[in-house]
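Student: If it helps, the file is called run_23.cif and holds mmCIF, C-alpha atoms and all ligand atoms:
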data_input
loop_
_atom_site.label_atom_id
_atom_site.label_comp_id
_atom_site.auth_asym_id
_atom_site.auth_seq_id
_atom_site.Cartn_x
_atom_site.Cartn_y
_atom_site.Cartn_z
CA MET A 47 19.70 -16.43 39.66
CA THR A 48 17.09 -17.06 42.32
CA ILE A 49 14.12 -19.32 41.76
CA THR A 50 11.86 -16.25 41.59
CA GLU A 51 14.03 -14.59 38.94
CA PHE A 52 14.04 -17.79 36.95
CA GLN A 53 10.25 -18.03 37.13
CA LEU A 54 9.96 -14.41 36.02
CA ASN A 55 12.19 -15.12 33.03
CA LEU A 56 10.03 -18.10 32.12
CA ALA A 57 6.91 -15.95 32.26
CA LYS A 58 8.58 -13.38 29.97
CA ALA A 59 9.64 -16.09 27.54
CA ASN A 60 6.13 -17.46 27.49
CA ALA A 61 4.64 -14.03 26.76
CA ALA A 62 7.19 -13.41 23.99
CA LEU A 63 6.46 -16.76 22.39
CA SER A 64 2.73 -16.26 22.36
CA ASN A 65 3.29 -12.76 20.90
CA THR A 66 5.22 -14.23 17.98
CA LEU A 67 2.34 -16.61 17.32
CA GLN A 68 -0.15 -13.77 17.38
CA THR A 69 1.99 -11.74 14.98
CA MET A 70 2.26 -14.67 12.59
CA GLU A 71 -1.45 -15.31 12.82
CA GLU A 72 -2.18 -11.70 11.86
CA GLU A 73 0.26 -11.89 8.95
CA ILE A 74 -1.13 -15.13 7.60
CA LEU A 75 -4.73 -13.98 8.00
CA SER A 76 -4.01 -10.75 6.12
CA ARG A 77 -2.51 -12.81 3.29
CA THR A 78 -5.40 -15.27 3.09
CA TYR A 79 -7.98 -12.48 3.32
CA TRP A 80 -7.52 -11.72 -0.39
CA VAL A 81 -7.79 -15.26 -1.76
CA GLY A 82 -10.53 -15.26 -4.42
CA SER A 83 -11.00 -11.48 -4.33
CA PRO A 84 -11.19 -9.61 -7.66
CA PHE A 85 -8.30 -7.56 -6.21
CA GLU A 86 -6.22 -10.55 -5.10
CA PHE A 87 -3.31 -9.90 -7.45
CA LEU A 88 -3.16 -6.16 -6.81
CA ALA A 89 -3.49 -6.59 -3.05
CA THR A 90 -0.95 -9.35 -2.63
CA ARG A 91 1.60 -8.62 -5.35
CA GLY A 92 1.28 -4.89 -5.99
CA GLY A 93 3.09 -2.11 -4.18
CA ALA A 94 1.85 1.35 -3.21
CA ASP A 95 2.70 2.75 -6.67
CA ASP A 96 0.66 0.05 -8.38
CA THR A 97 -2.31 0.78 -6.14
CA GLY A 98 -1.99 4.51 -6.88
CA LYS A 99 -1.90 3.98 -10.61
CA TRP A 100 -4.76 1.50 -10.48
CA GLY A 101 -6.90 4.02 -8.54
CA GLU A 102 -6.37 6.71 -11.18
CA MET A 103 -7.17 4.30 -13.99
CA TYR A 104 -10.20 2.94 -12.16
CA LEU A 105 -11.76 6.35 -11.53
CA TYR A 106 -10.91 7.47 -15.06
CA ASN A 107 -12.73 4.46 -16.49
CA LEU A 108 -15.73 4.88 -14.18
CA ILE A 109 -16.12 8.55 -15.11
CA SER A 110 -15.67 7.78 -18.84
CA ALA A 111 -18.29 5.05 -18.76
CA LEU A 112 -20.84 6.45 -16.32
CA THR A 113 -20.88 10.22 -16.87
CA TYR A 114 -21.05 12.67 -19.76
CA PHE A 115 -17.85 14.44 -18.68
CA ASP A 116 -14.94 14.50 -21.10
CA ILE A 117 -12.51 13.18 -18.53
CA GLN A 118 -8.77 13.51 -19.12
CA TRP A 119 -5.99 11.48 -17.60
CA ASP A 120 -2.38 12.09 -18.44
CA GLY A 121 -1.12 8.95 -16.76
CA ASP A 122 2.54 9.22 -15.84
CA LYS A 123 3.05 12.35 -17.93
CA ASN A 124 1.25 14.84 -15.69
CA THR A 125 3.97 15.09 -13.08
CA SER A 126 4.72 18.79 -13.44
CA ALA A 127 1.35 20.49 -13.81
CA ASP A 128 1.71 24.13 -12.77
CA ASP A 129 -1.93 24.57 -11.76
CA GLY A 130 -2.08 22.23 -8.79
CA THR A 131 -1.63 18.62 -7.76
CA TYR A 132 -4.14 16.38 -9.45
CA ASP A 133 -4.49 13.27 -11.59
CA LEU A 134 -7.64 13.72 -13.69
CA TRP A 135 -9.59 16.71 -14.99
CA PHE A 136 -12.53 17.78 -17.08
CA VAL A 137 -14.18 21.04 -18.04
CA TYR A 138 -17.66 21.79 -16.75
CA LYS A 139 -19.47 25.04 -17.68
CA GLY A 140 -16.17 26.56 -18.74
CA LYS A 141 -14.36 25.69 -15.51
CA LYS A 142 -11.60 23.13 -15.14
CA ILE A 143 -12.41 20.58 -12.44
CA ARG A 144 -9.17 19.03 -11.13
CA ILE A 145 -9.40 15.66 -9.39
CA GLU A 146 -6.79 14.22 -7.05
CA VAL A 147 -7.10 10.47 -6.46
CA LYS A 148 -5.86 8.62 -3.38
CA ALA A 149 -6.24 4.89 -3.66
CA SER A 150 -5.60 2.45 -0.86
CA ARG A 151 -6.23 -1.14 0.07
CA PHE A 152 -7.79 -2.48 3.21
CA GLY A 153 -4.89 -3.58 5.37
CA LYS A 154 -3.04 -3.20 8.60
CA LYS A 155 -5.13 -2.45 11.67
CA GLU A 156 -8.26 -2.94 9.55
CA SER A 157 -7.85 0.47 8.00
CA TRP A 158 -7.13 2.29 4.75
CA GLN A 159 -3.91 4.25 4.97
CA HIS A 160 -4.22 7.17 2.59
CA GLU A 161 -1.38 9.03 0.93
CA ASN A 162 -0.61 12.50 2.27
CA LEU A 163 -3.13 15.28 1.82
CA ILE A 164 -2.07 18.81 0.90
CA ARG A 165 -3.75 21.68 2.68
CA LYS A 166 -2.17 24.91 1.48
CA GLY A 167 -2.78 26.72 -1.76
CA ASP A 168 -5.25 25.46 -4.28
CA PRO A 169 -4.02 21.95 -5.13
CA CYS A 170 -7.23 20.53 -6.64
CA ASP A 171 -11.02 20.88 -6.72
CA LYS A 172 -12.07 17.36 -5.80
CA LEU A 173 -10.26 14.86 -3.62
CA VAL A 174 -11.34 11.26 -4.18
CA PHE A 175 -10.55 8.29 -1.96
CA ILE A 176 -10.75 4.96 -3.78
CA ASP A 177 -10.60 2.41 -0.96
CA PHE A 178 -10.87 -1.23 -1.89
CA GLN A 179 -11.74 -4.21 0.22
CA TYR A 180 -12.41 -7.87 -0.66
CA ASP A 181 -15.17 -7.26 -3.22
CA THR A 182 -16.07 -3.67 -2.45
CA VAL A 183 -14.76 -0.28 -3.51
CA TRP A 184 -15.62 2.63 -1.23
CA ILE A 185 -15.52 5.88 -3.18
CA THR A 186 -15.48 9.13 -1.18
CA ILE A 187 -15.58 12.47 -2.96
CA PHE A 188 -14.65 15.68 -1.16
CA ASP A 189 -14.80 19.20 -2.44
CA GLN A 190 -11.33 20.47 -1.45
CA ARG A 191 -12.70 23.84 -0.31
CA LYS A 192 -16.05 22.85 1.23
CA ASP A 193 -15.60 19.36 2.68
CA LEU A 194 -12.09 19.16 4.14
CA PHE A 195 -11.44 20.20 7.73
CA PHE A 196 -7.92 20.35 9.13
CA GLU A 197 -8.51 22.14 12.44
CA SER A 198 -11.44 20.20 13.81
CA GLN A 199 -12.99 16.76 13.61
CA HIS A 200 -14.95 16.24 10.45
CA PRO A 201 -18.69 16.59 11.19
CA ILE A 202 -19.43 13.43 9.22
CA PHE A 203 -16.34 11.25 9.51
CA GLY A 204 -15.63 12.08 13.16
CA THR A 205 -11.84 12.28 12.84
CA LYS A 206 -9.38 14.82 11.45
CA PRO A 207 -6.22 14.77 9.36
CA THR A 208 -3.01 14.99 11.37
CA LEU A 209 0.04 16.96 10.30
CA ARG A 210 3.03 14.72 9.62
CA ASP A 211 5.64 16.19 11.86
CA ASN A 212 8.19 13.44 11.43
CA SER A 213 9.90 15.28 8.62
CA THR A 214 12.02 18.42 8.62
CA SER A 215 11.87 18.81 4.86
CA LYS A 216 10.19 22.06 3.77
CA THR A 217 8.05 20.38 1.13
CA ARG A 218 6.63 17.94 3.66
CA LYS A 219 5.58 20.59 6.17
CA ASP A 220 2.14 20.75 4.56
CA LYS A 221 1.41 17.04 4.44
CA TYR A 222 -1.44 15.57 6.39
CA LYS A 223 -2.34 11.99 7.08
CA TRP A 224 -5.98 10.94 7.27
CA ASP A 225 -6.74 7.24 7.41
CA PHE A 226 -10.17 5.63 7.33
CA ARG A 227 -11.64 2.66 9.12
CA ILE A 228 -14.93 0.88 8.43
CA LEU A 229 -16.68 3.38 10.70
CA GLN A 230 -15.65 6.28 8.43
CA GLN A 231 -16.86 4.44 5.32
CA LYS A 232 -20.22 3.79 6.96
CA ARG A 233 -20.61 7.36 8.15
CA GLY A 234 -19.66 8.68 4.72
CA THR A 235 -22.15 6.35 3.05
CA ALA A 236 -24.96 7.35 5.39
CA ALA A 237 -24.27 11.03 4.61
CA GLY A 238 -24.04 10.48 0.84
CA MET A 239 -20.35 11.44 0.65
CA THR A 240 -19.17 7.87 0.16
CA TYR A 241 -20.45 5.34 -2.33
CA CYS A 242 -20.20 1.65 -1.48
CA HIS A 243 -19.64 -0.07 -4.84
CA ASN A 244 -20.14 -3.82 -4.75
CA VAL A 245 -17.87 -5.15 -7.48
CA THR A 246 -19.64 -8.49 -7.88
CA CYS A 247 -23.14 -6.99 -7.88
CA PRO A 248 -22.83 -3.40 -9.15
CA ASP A 249 -25.61 -0.83 -9.36
CA TRP A 250 -24.33 1.28 -12.27
CA THR A 251 -27.25 3.72 -12.25
CA SER A 252 -26.79 4.85 -8.67
CA LEU A 253 -23.00 4.96 -9.06
CA SER A 254 -23.44 7.15 -12.13
CA GLU A 255 -25.75 9.52 -10.22
CA PHE A 256 -23.31 9.69 -7.31
CA LEU A 257 -20.32 10.53 -9.52
CA ILE A 258 -22.13 13.23 -11.50
CA ASP A 259 -23.60 14.85 -8.40
CA LYS A 260 -20.41 14.87 -6.33
CA LEU A 261 -18.05 15.93 -9.13
CA ILE A 262 -19.91 19.09 -10.06
CA ASN A 263 -21.45 20.19 -6.75
CA CA B 301 -2.86 10.87 -6.63
#
Before anything else, please render the file you have as C-alpha cells.
Tutor:
Amino acid sequence: MTITEFQLNLAKANAALSNTLQTMEEEILSRTYWVGSPFEFLATRGGADDTGKWGEMYLYNLISALTYFDIQWDGDKNTSADDGTYDLWFVYKGKKIRIEVKASRFGKKESWQHENLIRKGDPCDKLVFIDFQYDTVWITIFDQRKDLFFESQHPIFGTKPTLRDNSTSKTRKDKYKWDFRILQQKRGTAAGMTYCHNVTCPDWTSLSEFLIDKLIN
C-alpha cells in the first residue's frame, strides 16, 4: 500500500465514521421527538397495524361526536365487504357513503408514508388521510371520483401518486403510493381540503363544519 492509498483509506474511514454518527443522531432524534406527545405511546410502541386501527377509531369517534351522521364501523369484522374497500360508512339522502381511512405518523424523511391507494373500480366514496404529528392531526378528505388524480400532479398538493411496480403480484398491480410532507399539509389546509386539528387546543366547531362539508360534498 502506498502512502497515498493509505491516506485515501483513512479519508474513507473518516467519512464512514461520521456517517454512522449522523445515522444514530437521526435515530435518536426521531425517538425523542415524541416524548410528551399525546401520541407518544402509539408512535413509539405501536406498529403500522396499530396506527391503522387507531385512525379508523379516531375518525369514527370524531364523526360520531361532531356530526349528525349515523356512522358505522365494523372494526376488524369488515374484511370481506363486497361493495368496495372501506372502513366506515353512513347513509346520506338514501345513498351509502363509504369511507376509507389511511392513518400514518410523522416519521422518516419528515413525511407521512401512506398505505397503498387503489385506483381501479369503485373502492370507496371518500378517502381520508389521518396524519398525526407531535400534537397535531392533519385530516385530509378526498372525494375518490372528484379529487384524486393519478395521471398528473394534483392541482393543490403538487405531487402525484406513483404506481408500485416492485411487485409482480396481480392484486398489487393497482396499488399506488402517495406520501405527504409538511408542504402538502399546508397546501391542503390553504385550499380547505385538509384540516389542521390541534389536539391540545381544539376548535370543535370548525372541525365539525369541515367534516360535515367534506363528507357529503
Ligand atoms: Ca384503511
Student: Would you pick out the contacts of Phe195 of chain A at 12 Å or less, using only C-alpha atoms, so that residues sharing its chain but fewer than 2 positions from it are not included, and give the list as a ChimeraX atom specification?
Tutor: /A:163-165,188-193,197-208,222,224
Student: Pick the closest to ligand CA 301 (chain B) from A:Ser150, A:Thr78, A:Ser83, A:Thr66: which is it, counting all atoms listed in the file?
Tutor: A:Ser150
Student: Give the residues close to ligand CA 301 (chain B), within 10 Å, counting only C-alpha atoms and all ligand atoms; write them as an MDAnalysis selection string.
Tutor: chainID A and resid 95 98:99 101:102 131:134 145:149 161:163 173:175
Student: Could you tell me which of A:Tyr104, A:Lys154, A:Phe256, A:Lys166 comes closest to Tyr79 of chain A if we count only C-alpha atoms?
Tutor: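 Among A:Tyr104, A:Lys154, A:Phe256, A:Lys166, it is A:Lys154 that comes nearest to Tyr79 of chain A.
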Student: One decimal, in Å: what's the spacing between atom CA of Gly130 of chain A and atom CA of Met239 of chain A?
Tutor: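 So the two atoms, atom CA of Gly130 of chain A and atom CA of Met239 of chain A, lie 23.2 Å apart.
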Student: Using all atoms listed in the file, pick whichever of A:Gln68, A:Gln230, A:Thr97, A:Thr251 has the shortest atom-to-atom distance to Phe178 of chain A.
Tutor: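 Of all the options, A:Thr97 lies closest to Phe178 of chain A.
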Student: Could you give me, as a list in words, the residues within 12 Å of Gly82 of chain A, counting only C-alpha atoms and dropping anything in the same chain fewer than 5 positions from it?
Tutor: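 Returned residues: Arg77, Phe87, Leu88, Ala89, Thr90, Tyr180, Asp181 and Thr246 of chain A.
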Student: From the set A:Ser157, A:Leu112, A:Ala62, A:Leu261, which residue has the shortest atom-to-atom contact distance to Asp249 of chain A, counting only C-alpha atoms?
Tutor: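 The closest residue to Asp249 of chain A is A:Leu112.
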Student: Given all atoms listed in the file as the basis, pick out the residue of A:Ile258, A:Trp100, A:Asp220, A:Thr186 nearest to Arg233 of chain A.
Tutor: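 Going through A:Ile258, A:Trp100, A:Asp220, A:Thr186 one by one, the smallest distance to Arg233 of chain A is for A:Thr186.
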Student: Using Å and a single decimal, report how far atom CA of Phe196 of chain A sits from atom CA of Ile109 of chain A.
Tutor: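 Atom-to-atom, atom CA of Ile109 of chain A to atom CA of Phe196 of chain A, that is 28.2 Å.
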Student: Got a sec: who's within 12 Å of Ser110 of chain A, counting all atoms listed in the file, leaving out chain neighbours fewer than 6 positions off, as a list in words?
Tutor: Met103, Tyr104, Asp116, Ile117, Gln118, Trp119, Leu134, Trp135, Phe136, Ser254, Leu257 and Ile258 of chain A
Student: At what distance in Å, to one decimal, does atom CA of Lys221 of chain A lie from atom CA of Gln159 of chain A?
Tutor: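 Distance reported for this atom pair: 13.9 Å.
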Student: Using all atoms listed in the file, find the one residue out of A:Glu71, A:Asp211, A:Asp177, A:Asp171 that sits nearest to Lys141 of chain A.
Tutor: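 Smallest separation from Lys141 of chain A among the options: A:Asp171.
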